[in-house]
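J.: query.tsv is reproduced below (TSV, C-alpha atoms).
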chain	number	residue	atom	x	y	z
O	1	MET	CA	-3.47	9.53	-10.26
O	2	LEU	CA	-6.08	8.70	-7.63
O	3	PRO	CA	-9.66	10.00	-7.94
O	4	PRO	CA	-10.28	12.67	-5.25
O	5	GLU	CA	-12.94	10.56	-3.48
O	6	VAL	CA	-10.51	7.64	-3.13
O	7	LEU	CA	-7.78	9.96	-1.87
O	8	ASN	CA	-10.19	11.39	0.71
O	9	LYS	CA	-11.13	7.91	1.91
O	10	LEU	CA	-7.44	7.10	2.31
O	11	ARG	CA	-6.95	10.33	4.26
O	12	ASP	CA	-9.85	9.47	6.56
O	13	ALA	CA	-8.80	5.84	7.25
O	14	ASP	CA	-8.01	4.82	10.82
O	15	TRP	CA	-4.21	4.80	10.40
O	16	GLU	CA	-3.70	4.71	14.15
O	17	ARG	CA	-5.07	1.19	14.07
O	18	VAL	CA	-4.22	0.06	10.52
O	19	TYR	CA	-0.50	0.85	10.48
O	20	PRO	CA	0.46	-1.01	13.70
O	21	ALA	CA	-1.68	-3.96	12.53
O	22	LEU	CA	0.13	-4.02	9.17
O	23	VAL	CA	3.51	-3.91	10.91
O	24	ALA	CA	2.45	-6.72	13.27
O	25	TYR	CA	1.22	-8.79	10.33
O	26	ALA	CA	4.46	-8.24	8.43
O	27	LYS	CA	6.47	-9.05	11.57
O	28	SER	CA	4.62	-12.32	12.04
O	29	ARG	CA	5.40	-13.23	8.42
O	30	ILE	CA	9.07	-12.38	8.90
O	31	TRP	CA	9.05	-14.70	11.90
O	32	ARG	CA	7.20	-17.36	9.94
O	33	LEU	CA	8.22	-20.90	10.81
O	34	PRO	CA	8.80	-22.59	7.47
O	35	PHE	CA	6.75	-25.77	7.64
O	36	VAL	CA	6.01	-25.95	3.94
O	37	LYS	CA	7.99	-25.42	0.77
O	38	GLY	CA	7.59	-21.86	-0.42
O	39	GLY	CA	7.01	-20.58	3.11
O	40	GLY	CA	9.70	-18.98	5.20
O	41	PRO	CA	11.04	-15.70	6.43
O	42	LEU	CA	11.75	-12.55	4.46
O	43	PRO	CA	15.24	-11.52	3.42
O	44	LYS	CA	17.42	-10.54	6.36
O	45	GLY	CA	17.75	-6.84	6.98
O	46	LEU	CA	14.22	-6.05	5.90
O	47	ARG	CA	12.05	-4.56	8.63
O	48	ALA	CA	8.33	-5.12	9.09
O	49	GLU	CA	7.89	-1.34	9.05
O	50	ASP	CA	9.48	-1.20	5.57
O	51	ILE	CA	6.86	-3.59	4.22
O	52	ALA	CA	3.93	-1.84	5.90
O	53	GLN	CA	5.11	1.56	4.63
O	54	LYS	CA	5.66	0.23	1.12
O	55	ALA	CA	2.14	-1.28	1.06
O	56	ILE	CA	0.54	2.00	2.14
O	57	ARG	CA	2.71	4.03	-0.25
O	58	LEU	CA	1.71	1.82	-3.21
O	59	VAL	CA	-1.97	2.49	-2.50
O	60	PHE	CA	-1.54	6.26	-2.03
O	61	GLU	CA	0.50	6.48	-5.24
O	62	GLY	CA	-2.14	4.52	-7.15
O	63	LYS	CA	0.35	1.79	-8.09
O	64	ARG	CA	-2.02	-0.62	-6.37
O	65	GLN	CA	-5.43	0.65	-7.32
O	66	TRP	CA	-7.84	0.46	-4.41
O	67	ASP	CA	-11.47	0.59	-5.50
O	68	PRO	CA	-13.65	1.33	-2.43
O	69	GLU	CA	-16.75	0.14	-4.35
O	70	LYS	CA	-15.20	-3.27	-4.98
O	71	ASP	CA	-13.21	-3.55	-1.74
O	72	PRO	CA	-14.93	-1.41	0.90
O	73	ASP	CA	-12.64	-2.62	3.68
O	74	LEU	CA	-9.31	-0.81	3.17
O	75	THR	CA	-7.60	-2.87	5.89
O	76	LEU	CA	-8.58	-6.13	4.25
O	77	TYR	CA	-7.44	-4.80	0.87
O	78	LEU	CA	-4.08	-3.71	2.27
O	79	LYS	CA	-3.58	-7.11	3.85
O	80	THR	CA	-4.79	-9.47	1.11
O	81	SER	CA	-4.06	-7.54	-2.06
O	82	VAL	CA	-0.97	-5.55	-1.18
O	83	ALA	CA	1.02	-6.69	1.87
O	84	ARG	CA	0.52	-10.40	1.29
O	85	SER	CA	1.69	-10.32	-2.32
O	86	LEU	CA	4.57	-8.00	-1.41
O	87	ILE	CA	5.67	-10.45	1.26
O	88	SER	CA	5.24	-13.48	-1.01
O	89	ASN	CA	7.48	-11.87	-3.62
O	90	LEU	CA	10.09	-11.12	-0.98
O	91	VAL	CA	9.97	-14.65	0.44
O	92	ARG	CA	10.48	-15.96	-3.08
O	93	SER	CA	13.41	-13.60	-3.61
O	94	ALA	CA	14.91	-14.69	-0.25
O	95	ASP	CA	14.43	-18.33	-1.20
O	96	HIS	CA	16.07	-17.65	-4.55
O	97	ARG	CA	19.05	-16.02	-2.85
O	98	HIS	CA	19.27	-18.93	-0.44
O	99	ARG	CA	19.68	-21.29	-3.36
O	100	ASP	CA	22.30	-18.96	-4.87
O	101	ALA	CA	24.13	-18.73	-1.55
O	102	GLY	CA	26.73	-15.99	-1.41
O	103	ASP	CA	25.24	-13.80	-4.11
O	104	ALA	CA	24.74	-10.25	-2.96
O	105	GLU	CA	22.10	-8.88	-5.28
O	106	GLU	CA	19.54	-6.14	-4.92
O	107	SER	CA	16.04	-7.15	-3.96
O	108	PRO	CA	13.73	-6.72	-6.96
O	109	ASP	CA	10.98	-5.26	-4.84
O	110	MET	CA	12.29	-3.14	-2.00
O	111	ASP	CA	14.51	-0.17	-2.72
O	112	GLY	CA	17.81	-0.06	-0.95
O	113	TYR	CA	17.69	-3.55	0.47
O	114	ALA	CA	20.92	-5.48	0.05
O	115	ALA	CA	20.94	-9.24	0.52
O	116	GLY	CA	22.74	-10.70	3.50
O	117	SER	CA	23.89	-14.23	4.08
O	118	PRO	CA	21.31	-17.01	3.72
O	119	ASP	CA	19.05	-17.43	6.73
O	120	PRO	CA	19.41	-20.87	8.41
O	121	SER	CA	15.74	-20.81	9.43
O	122	LEU	CA	14.83	-20.76	5.73
O	123	VAL	CA	15.35	-24.51	5.67
O	124	VAL	CA	11.96	-26.22	5.86
O	125	ALA	CA	11.33	-27.60	9.36
O	126	SER	CA	12.42	-31.19	9.78
O	127	ASP	CA	9.92	-33.95	10.51
O	128	GLU	CA	11.29	-34.16	14.06
O	129	CYS	CA	10.55	-30.50	14.67
O	130	VAL	CA	7.07	-30.83	13.22
O	131	GLU	CA	6.46	-33.81	15.53
O	132	GLU	CA	7.84	-31.83	18.46
O	133	LEU	CA	5.53	-28.93	17.71
O	134	ARG	CA	2.56	-31.30	17.51
O	135	ALA	CA	3.48	-32.63	20.93
O	136	ILE	CA	3.78	-29.08	22.31
O	137	ILE	CA	0.37	-28.14	20.90
O	138	GLU	CA	-1.23	-31.24	22.42
O	139	ARG	CA	0.37	-30.61	25.79
O	140	GLU	CA	-0.49	-26.90	25.90
O	141	THR	CA	-4.14	-27.32	24.90
O	142	GLU	CA	-4.84	-30.47	26.91
O	143	GLY	CA	-7.85	-30.17	29.21
O	144	ASP	CA	-8.82	-26.77	27.80
O	145	ASP	CA	-11.77	-27.17	25.41
O	146	GLY	CA	-11.69	-23.52	24.36
O	147	LEU	CA	-8.02	-23.60	23.36
O	148	THR	CA	-8.42	-26.97	21.63
O	149	VAL	CA	-11.36	-25.83	19.51
O	150	VAL	CA	-9.63	-22.54	18.63
O	151	GLN	CA	-6.42	-24.38	17.66
O	152	MET	CA	-8.29	-26.95	15.55
O	153	GLY	CA	-10.49	-24.28	13.96
O	154	LEU	CA	-7.55	-22.07	13.05
O	155	GLU	CA	-5.67	-25.03	11.57
O	156	GLU	CA	-8.74	-25.73	9.42
O	157	GLY	CA	-8.86	-22.11	8.32
O	158	MET	CA	-12.24	-21.64	10.00
O	159	PRO	CA	-13.50	-18.04	10.40
O	160	ARG	CA	-13.48	-16.84	14.00
O	161	ASP	CA	-17.24	-16.28	14.10
O	162	GLU	CA	-17.75	-19.98	13.28
O	163	ILE	CA	-15.36	-20.96	16.06
O	164	ALA	CA	-17.34	-18.65	18.37
O	165	ASP	CA	-20.58	-20.42	17.34
O	166	ILE	CA	-19.12	-23.85	18.11
O	167	LEU	CA	-18.00	-22.69	21.55
O	168	SER	CA	-21.14	-20.58	22.09
O	169	ILE	CA	-19.01	-17.58	23.03
O	170	ASP	CA	-18.56	-14.04	21.75
O	171	VAL	CA	-16.09	-13.64	18.87
O	172	ASN	CA	-13.98	-11.33	21.06
O	173	GLU	CA	-13.42	-14.26	23.40
O	174	VAL	CA	-12.09	-16.23	20.44
O	175	TYR	CA	-9.52	-13.50	19.95
O	176	THR	CA	-8.63	-13.69	23.64
O	177	LEU	CA	-8.19	-17.47	23.33
O	178	THR	CA	-6.10	-17.01	20.17
O	179	ARG	CA	-3.73	-14.71	22.04
O	180	LYS	CA	-3.55	-17.16	24.93
O	181	LEU	CA	-2.79	-20.03	22.54
O	182	ARG	CA	-0.03	-18.06	20.83
O	183	ARG	CA	1.58	-17.09	24.14
O	184	ARG	CA	1.49	-20.66	25.41
O	185	LEU	CA	2.95	-22.15	22.24
O	186	LEU	CA	5.73	-19.59	21.92
O	187	SER	CA	6.61	-19.96	25.58
O	188	ALA	CA	6.81	-23.76	25.26
O	189	MET	CA	8.81	-23.54	22.03
O	190	ALA	CA	11.36	-21.08	23.44
O	191	GLY	CA	14.69	-22.67	24.20
O	192	HIS	CA	13.98	-25.81	22.18
O	193	GLU	CA	16.80	-26.76	19.81
O	194	CYS	CA	14.40	-26.84	16.84
O	195	TRP	CA	13.89	-23.07	17.06
O	196	GLU	CA	16.98	-21.88	18.88
O	197	ASP	CA	18.24	-19.97	15.80
O	198	HIS	CA	14.86	-18.52	14.95
O	199	PRO	CA	14.70	-14.70	15.29
O	200	LEU	CA	11.42	-14.99	17.18
O	201	PHE	CA	13.21	-16.45	20.17
O	202	GLU	CA	16.33	-14.29	20.07
O	203	GLY	CA	14.81	-11.66	22.35
O	204	SER	CA	13.98	-12.29	25.94
O	205	ALA	CA	10.38	-11.05	25.79
O	206	THR	CA	8.84	-14.32	24.69
O	207	SER	CA	11.21	-16.79	26.29
O	208	GLN	CA	10.76	-15.22	29.70
O	209	ARG	CA	7.00	-15.69	29.69
C	1	MET	CA	7.68	-41.11	10.63
C	2	THR	CA	7.22	-38.63	7.78
C	3	GLN	CA	4.76	-35.86	8.54
C	4	PRO	CA	2.07	-35.58	5.86
C	5	ASP	CA	1.96	-32.32	3.90
C	6	SER	CA	-1.54	-31.66	5.19
C	7	ASP	CA	-0.21	-31.55	8.76
C	8	ARG	CA	2.52	-29.09	7.79
C	9	ILE	CA	0.00	-26.93	5.96
C	10	ALA	CA	-2.29	-26.98	9.01
C	11	LEU	CA	0.56	-25.83	11.26
C	12	GLN	CA	1.51	-23.08	8.84
C	13	ARG	CA	-2.12	-21.97	8.79
C	14	LEU	CA	-2.27	-21.92	12.59
C	15	PHE	CA	0.81	-19.75	12.97
C	16	ASP	CA	-0.21	-17.48	10.08
C	17	SER	CA	-3.57	-16.95	11.74
C	18	PHE	CA	-1.85	-15.24	14.68
C	19	GLY	CA	-0.52	-12.51	12.39
C	20	GLU	CA	-3.82	-12.29	10.51
C	21	ALA	CA	-5.61	-11.67	13.83
C	22	ALA	CA	-3.61	-8.47	14.29
C	23	PHE	CA	-5.99	-6.68	11.91
C	24	ASP	CA	-9.12	-7.41	13.91
C	25	ASP	CA	-7.63	-7.60	17.37
C	26	PRO	CA	-5.51	-4.60	18.43
C	27	GLU	CA	-4.37	-6.54	21.50
C	28	MET	CA	-2.87	-9.25	19.28
C	29	ALA	CA	-1.11	-6.55	17.24
C	30	ARG	CA	0.20	-5.06	20.49
C	31	GLU	CA	1.55	-8.44	21.68
C	32	ILE	CA	3.27	-9.24	18.40
C	33	LEU	CA	4.81	-5.77	18.30
C	34	SER	CA	5.88	-6.00	21.92
C	35	ASP	CA	7.62	-9.35	21.22
C	36	ALA	CA	9.47	-7.55	18.43
C	37	GLY	CA	10.50	-4.76	20.78
C	38	LEU	CA	8.24	-2.31	18.95
C	39	ASP	CA	6.00	0.24	20.64
C	40	ALA	CA	2.42	0.07	19.31
C	41	ASP	CA	1.64	3.63	20.42
C	42	ARG	CA	4.68	5.02	18.64
C	43	LEU	CA	3.74	3.09	15.51
C	44	ALA	CA	0.19	4.46	15.71
C	45	GLU	CA	1.61	8.00	15.64
C	46	GLU	CA	3.97	7.10	12.80
C	47	GLY	CA	1.07	5.63	10.81
C	48	VAL	CA	-0.91	8.85	11.08
C	49	ALA	CA	2.14	10.94	10.12
C	50	LEU	CA	2.93	8.66	7.18
C	51	ALA	CA	-0.63	8.80	5.83
C	52	ARG	CA	-0.67	12.59	6.23
C	53	ALA	CA	2.60	12.97	4.30
C	54	LEU	CA	1.47	10.60	1.55
C	55	TYR	CA	-1.86	12.43	1.28
C	56	SER	CA	-0.08	15.79	0.84
C	57	THR	CA	2.24	14.33	-1.79
C	58	ALA	CA	-0.71	12.83	-3.65
C	59	ARG	CA	-2.55	16.18	-3.56
C	60	LEU	CA	0.51	17.99	-4.91
C	61	SER	CA	0.92	15.39	-7.61
C	62	ALA	CA	-2.75	15.74	-8.59
C	63	ALA	CA	-2.42	19.55	-8.75
C	64	ALA	CA	0.71	19.23	-10.90
C	65	GLY	CA	-1.17	16.85	-13.21
C	66	ARG	CA	-4.07	19.29	-13.56
C	67	ARG	CA	-1.66	22.15	-14.31
C	68	ALA	CA	0.16	20.09	-16.96
C	69	ARG	CA	-3.16	19.20	-18.60
C	70	ALA	CA	-4.22	22.88	-18.60
C	71	GLU	CA	-0.89	23.90	-20.15
C	72	ARG	CA	-1.30	21.28	-22.87
C	73	THR	CA	-4.78	22.58	-23.64
C	74	VAL	CA	-3.57	26.19	-23.90
C	75	ALA	CA	-0.71	25.08	-26.20
C	76	GLU	CA	-3.20	23.29	-28.44
C	77	LEU	CA	-5.46	26.35	-28.43
C	78	ARG	CA	-2.49	28.59	-29.33
C	79	SER	CA	-1.60	26.37	-32.28
C	80	VAL	CA	-5.21	26.41	-33.56
C	81	VAL	CA	-5.39	30.20	-33.25
C	82	ALA	CA	-1.98	30.62	-34.94
C	83	ALA	CA	-3.01	28.48	-37.89
C	84	ARG	CA	-6.27	30.35	-38.36
C	85	VAL	CA	-4.75	33.84	-37.99
C	86	HIS	CA	-1.97	33.03	-40.47
C	87	ALA	CA	-4.56	31.65	-42.89
C	88	LEU	CA	-6.21	35.07	-43.00
C	89	GLY	CA	-3.07	36.24	-44.82
C	90	ASP	CA	-2.99	39.79	-43.40
C	91	ASP	CA	-0.51	41.25	-40.93
C	92	VAL	CA	-0.80	39.07	-37.85
C	93	ARG	CA	-0.62	41.96	-35.37
C	94	SER	CA	-3.35	43.97	-37.14
C	95	THR	CA	-5.58	40.90	-37.33
C	96	LEU	CA	-5.08	40.12	-33.65
C	97	ALA	CA	-5.72	43.74	-32.61
C	98	ARG	CA	-8.97	43.77	-34.60
C	99	LEU	CA	-10.15	40.46	-33.18
C	100	LEU	CA	-9.22	41.35	-29.59
C	101	ALA	CA	-11.00	44.73	-29.87
C	102	GLY	CA	-14.22	43.11	-31.07
C	103	GLY	CA	-15.30	46.21	-32.99
C	104	ASP	CA	-14.42	48.75	-30.26
C	105	GLU	CA	-12.28	51.52	-31.81
C	106	VAL	CA	-10.62	52.59	-28.55
C	107	GLN	CA	-9.77	48.99	-27.72
C	108	LEU	CA	-8.42	48.49	-31.24
C	109	GLN	CA	-5.93	51.35	-30.83
C	110	ALA	CA	-4.86	50.07	-27.42
C	111	HIS	CA	-4.31	46.52	-28.67
C	112	PHE	CA	-2.51	47.74	-31.75
C	113	ARG	CA	-0.10	49.86	-29.68
C	114	LYS	CA	0.60	46.90	-27.42
C	115	LEU	CA	1.15	44.46	-30.28
C	116	GLU	CA	3.26	46.72	-32.51
C	117	GLU	CA	6.06	46.63	-29.93
C	118	ILE	CA	6.59	42.90	-30.46
C	119	SER	CA	7.51	40.88	-33.51
C	120	GLU	CA	4.86	39.26	-35.66
C	121	GLU	CA	6.21	35.83	-34.66
C	122	ASP	CA	5.87	36.58	-30.94
C	123	ALA	CA	2.42	38.16	-31.16
C	124	ILE	CA	0.44	34.92	-30.79
C	125	ASP	CA	2.85	33.51	-28.19
C	126	MET	CA	2.28	36.59	-26.00
C	127	LEU	CA	-1.50	36.14	-25.83
C	128	THR	CA	-2.95	34.92	-22.54
C	129	ASP	CA	-5.34	31.96	-22.48
C	130	ALA	CA	-8.28	34.39	-22.09
C	131	GLU	CA	-7.10	36.41	-25.10
C	132	LEU	CA	-6.70	33.24	-27.17
C	133	LEU	CA	-10.30	32.31	-26.42
C	134	ARG	CA	-11.44	35.84	-27.25
C	135	VAL	CA	-9.64	35.72	-30.63
C	136	LEU	CA	-11.15	32.34	-31.41
C	137	GLU	CA	-14.65	33.56	-30.50
C	138	GLU	CA	-14.26	36.63	-32.70
C	139	MET	CA	-13.05	34.50	-35.62
C	140	GLU	CA	-16.10	32.28	-35.21
C	141	ARG	CA	-18.34	35.38	-35.17
C	142	ASP	CA	-16.65	36.59	-38.39
C	143	ASP	CA	-17.31	33.18	-39.96
C	144	GLU	CA	-20.97	33.34	-38.94
C	145	ARG	CA	-21.32	36.88	-40.35
C	146	GLU	CA	-19.78	35.75	-43.66
C	147	ASP	CA	-22.04	32.68	-43.80
C	148	GLY	CA	-25.10	34.73	-42.86
I need this file expressed as structure tokens, please.
T.:
Amino acid sequence: MLPPEVLNKLRDADWERVYPALVAYAKSRIWRLPFVKGGGPLPKGLRAEDIAQKAIRLVFEGKRQWDPEKDPDLTLYLKTSVARSLISNLVRSADHRHRDAGDAEESPDMDGYAAGSPDPSLVVASDECVEELRAIIERETEGDDGLTVVQMGLEEGMPRDEIADILSIDVNEVYTLTRKLRRRLLSAMAGHECWEDHPLFEGSATSQR
Amino acid sequence: MTQPDSDRIALQRLFDSFGEAAFDDPEMAREILSDAGLDADRLAEEGVALARALYSTARLSAAAGRRARAERTVAELRSVVAARVHALGDDVRSTLARLLAGGDEVQLQAHFRKLEEISEEDAIDMLTDAELLRVLEEMERDDEREDG
């Protein structure tokens, strides 16, 4: 059972902002392009909203014990200590099912989820596709110092305020450049045979940009 | 040419960073959601409703927990009182009536009338938590008088 002061902090959190951000984060992980072993999308049939709701429910029920003294930023806690591990477990379970192709077993972590057929995009990206993506990144950032520094910084895992310092710009502009970089890359990747089966490019929203 | 692992890790990090940015940049969250055919405003409302429902459930659960703890405490108190009243060896109902009355003759008659209608076995079970405490206090006073 949660201490009343923790419950009150949960009640007062900015859910209008946190919940959509959690869903977006989960969605981006579902769409993950599997470049490395152990990466990859979540089991088919599982919605980003399911993950976000489960993460929040676990904290409210005290099954993941949020300590505001230790982790004052609830959003960061939800992302790093709840949603990320929830997603990692699900990716592992999807990967496991992929290896046992055809098995229809219950997910160990999400109630009511039944496994579908193995996802073709679970296969780790081929060297050709990685090379193609490198070429796309080079082409799309060429001649734009801001985009190049943001892309290199993000690949290095650099915090955005450090990237802002290097470019001598406000951190909000780094976010603007990050969005621009994402849009450009997704637009250039759309329609390419490497990603034609990927759920990210099934809709028209991105490919029409 | 085989791509080195470090390059693959860097690409994974780049694409993961887009989703990570959703927490600090509502516009990024909006774009990702829009690509998924999801309405950020609708999700914002759902988030508030979800948190409200979970908060109410947690409050109810906490209240139920407090009630269960209180009931356990009263049951323990009842068993202590029962053991001590039985140890006195007299008629349970007379003992209880005397202890509840606390020396007041009118109260003693009233309690005795009330208790004589029920069996000796039920007498302690029928006491409220306040009456249990009163009986215990009176027994402690008796002990002090005997010691003094």
J.: Find the spatial neighbours of Arg8 in chain C, counting all atoms listed in the file, within a cut-off of 8 Å - ignore same-chain residues fewer than 6 positions away - and output them as a VMD selection string.
T.: chain O and resid 35 to 36 130
J.: Kindly provide, as an MDAnalysis selection string, the residues of chain C having any atom no farther than 8 Å from an atom of chain O, counting only C-alpha atoms.
T.: chainID C and resid 1:3 5 8:23 25:26 28:30 32:36 40 43:45 47:48 50:52 54:55 58 61:62
J.: Could you list as a PyMOL selection string every residue that has an atom within 12 Å of (-12.6, -27.0, 25.4), using the file's coordinates and counting only C-alpha atoms?
T.: chain O and resi 141-153+163-164+166-169+174+177
J.: Quote the spacing between CA of Pro72 in chain O and CA of Ala55 in chain O in Å to one decimal place.
T.: 17.1 Å
J.: Would you kindly return, as a PDB file with C-alpha atoms, in the frame of the given file, each protein, DNA or RNA residue with an atom no farther than 8 Å from any atom of range 120-133 of chain C, considering only C-alpha atoms and excluding same-chain residues fewer than 4 positions away?
T.:
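Contents of around_37.pdb, freshly written:
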ATOM      1  CA  VAL C  74      -3.570  26.190 -23.900  1.00  0.00           C
ATOM      2  CA  LEU C  77      -5.460  26.350 -28.430  1.00  0.00           C
ATOM      3  CA  ARG C  78      -2.490  28.590 -29.330  1.00  0.00           C
ATOM      4  CA  VAL C  81      -5.390  30.200 -33.250  1.00  0.00           C
ATOM      5  CA  ALA C  82      -1.980  30.620 -34.940  1.00  0.00           C
ATOM      6  CA  ASP C  91      -0.510  41.250 -40.930  1.00  0.00           C
ATOM      7  CA  VAL C  92      -0.800  39.070 -37.850  1.00  0.00           C
ATOM      8  CA  ARG C  93      -0.620  41.960 -35.370  1.00  0.00           C
ATOM      9  CA  LEU C 100      -9.220  41.350 -29.590  1.00  0.00           C
ATOM     10  CA  LEU C 115       1.150  44.460 -30.280  1.00  0.00           C
ATOM     11  CA  GLU C 137     -14.650  33.560 -30.500  1.00  0.00           C
TER      12      GLU C 137
END
J.: Quick one: distance from CA of Arg67 in chain C to CA of Glu5 in chain O in Å, one decimal?
T.: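 Separation between CA of Arg67 in chain C and CA of Glu5 in chain O: 19.5 Å.
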J.: Separation of CA of Glu132 in chain O and CA of Cys194 in chain O, in Å?
T.: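 Separation of CA of Glu132 in chain O and CA of Cys194 in chain O: 8.4 Å.
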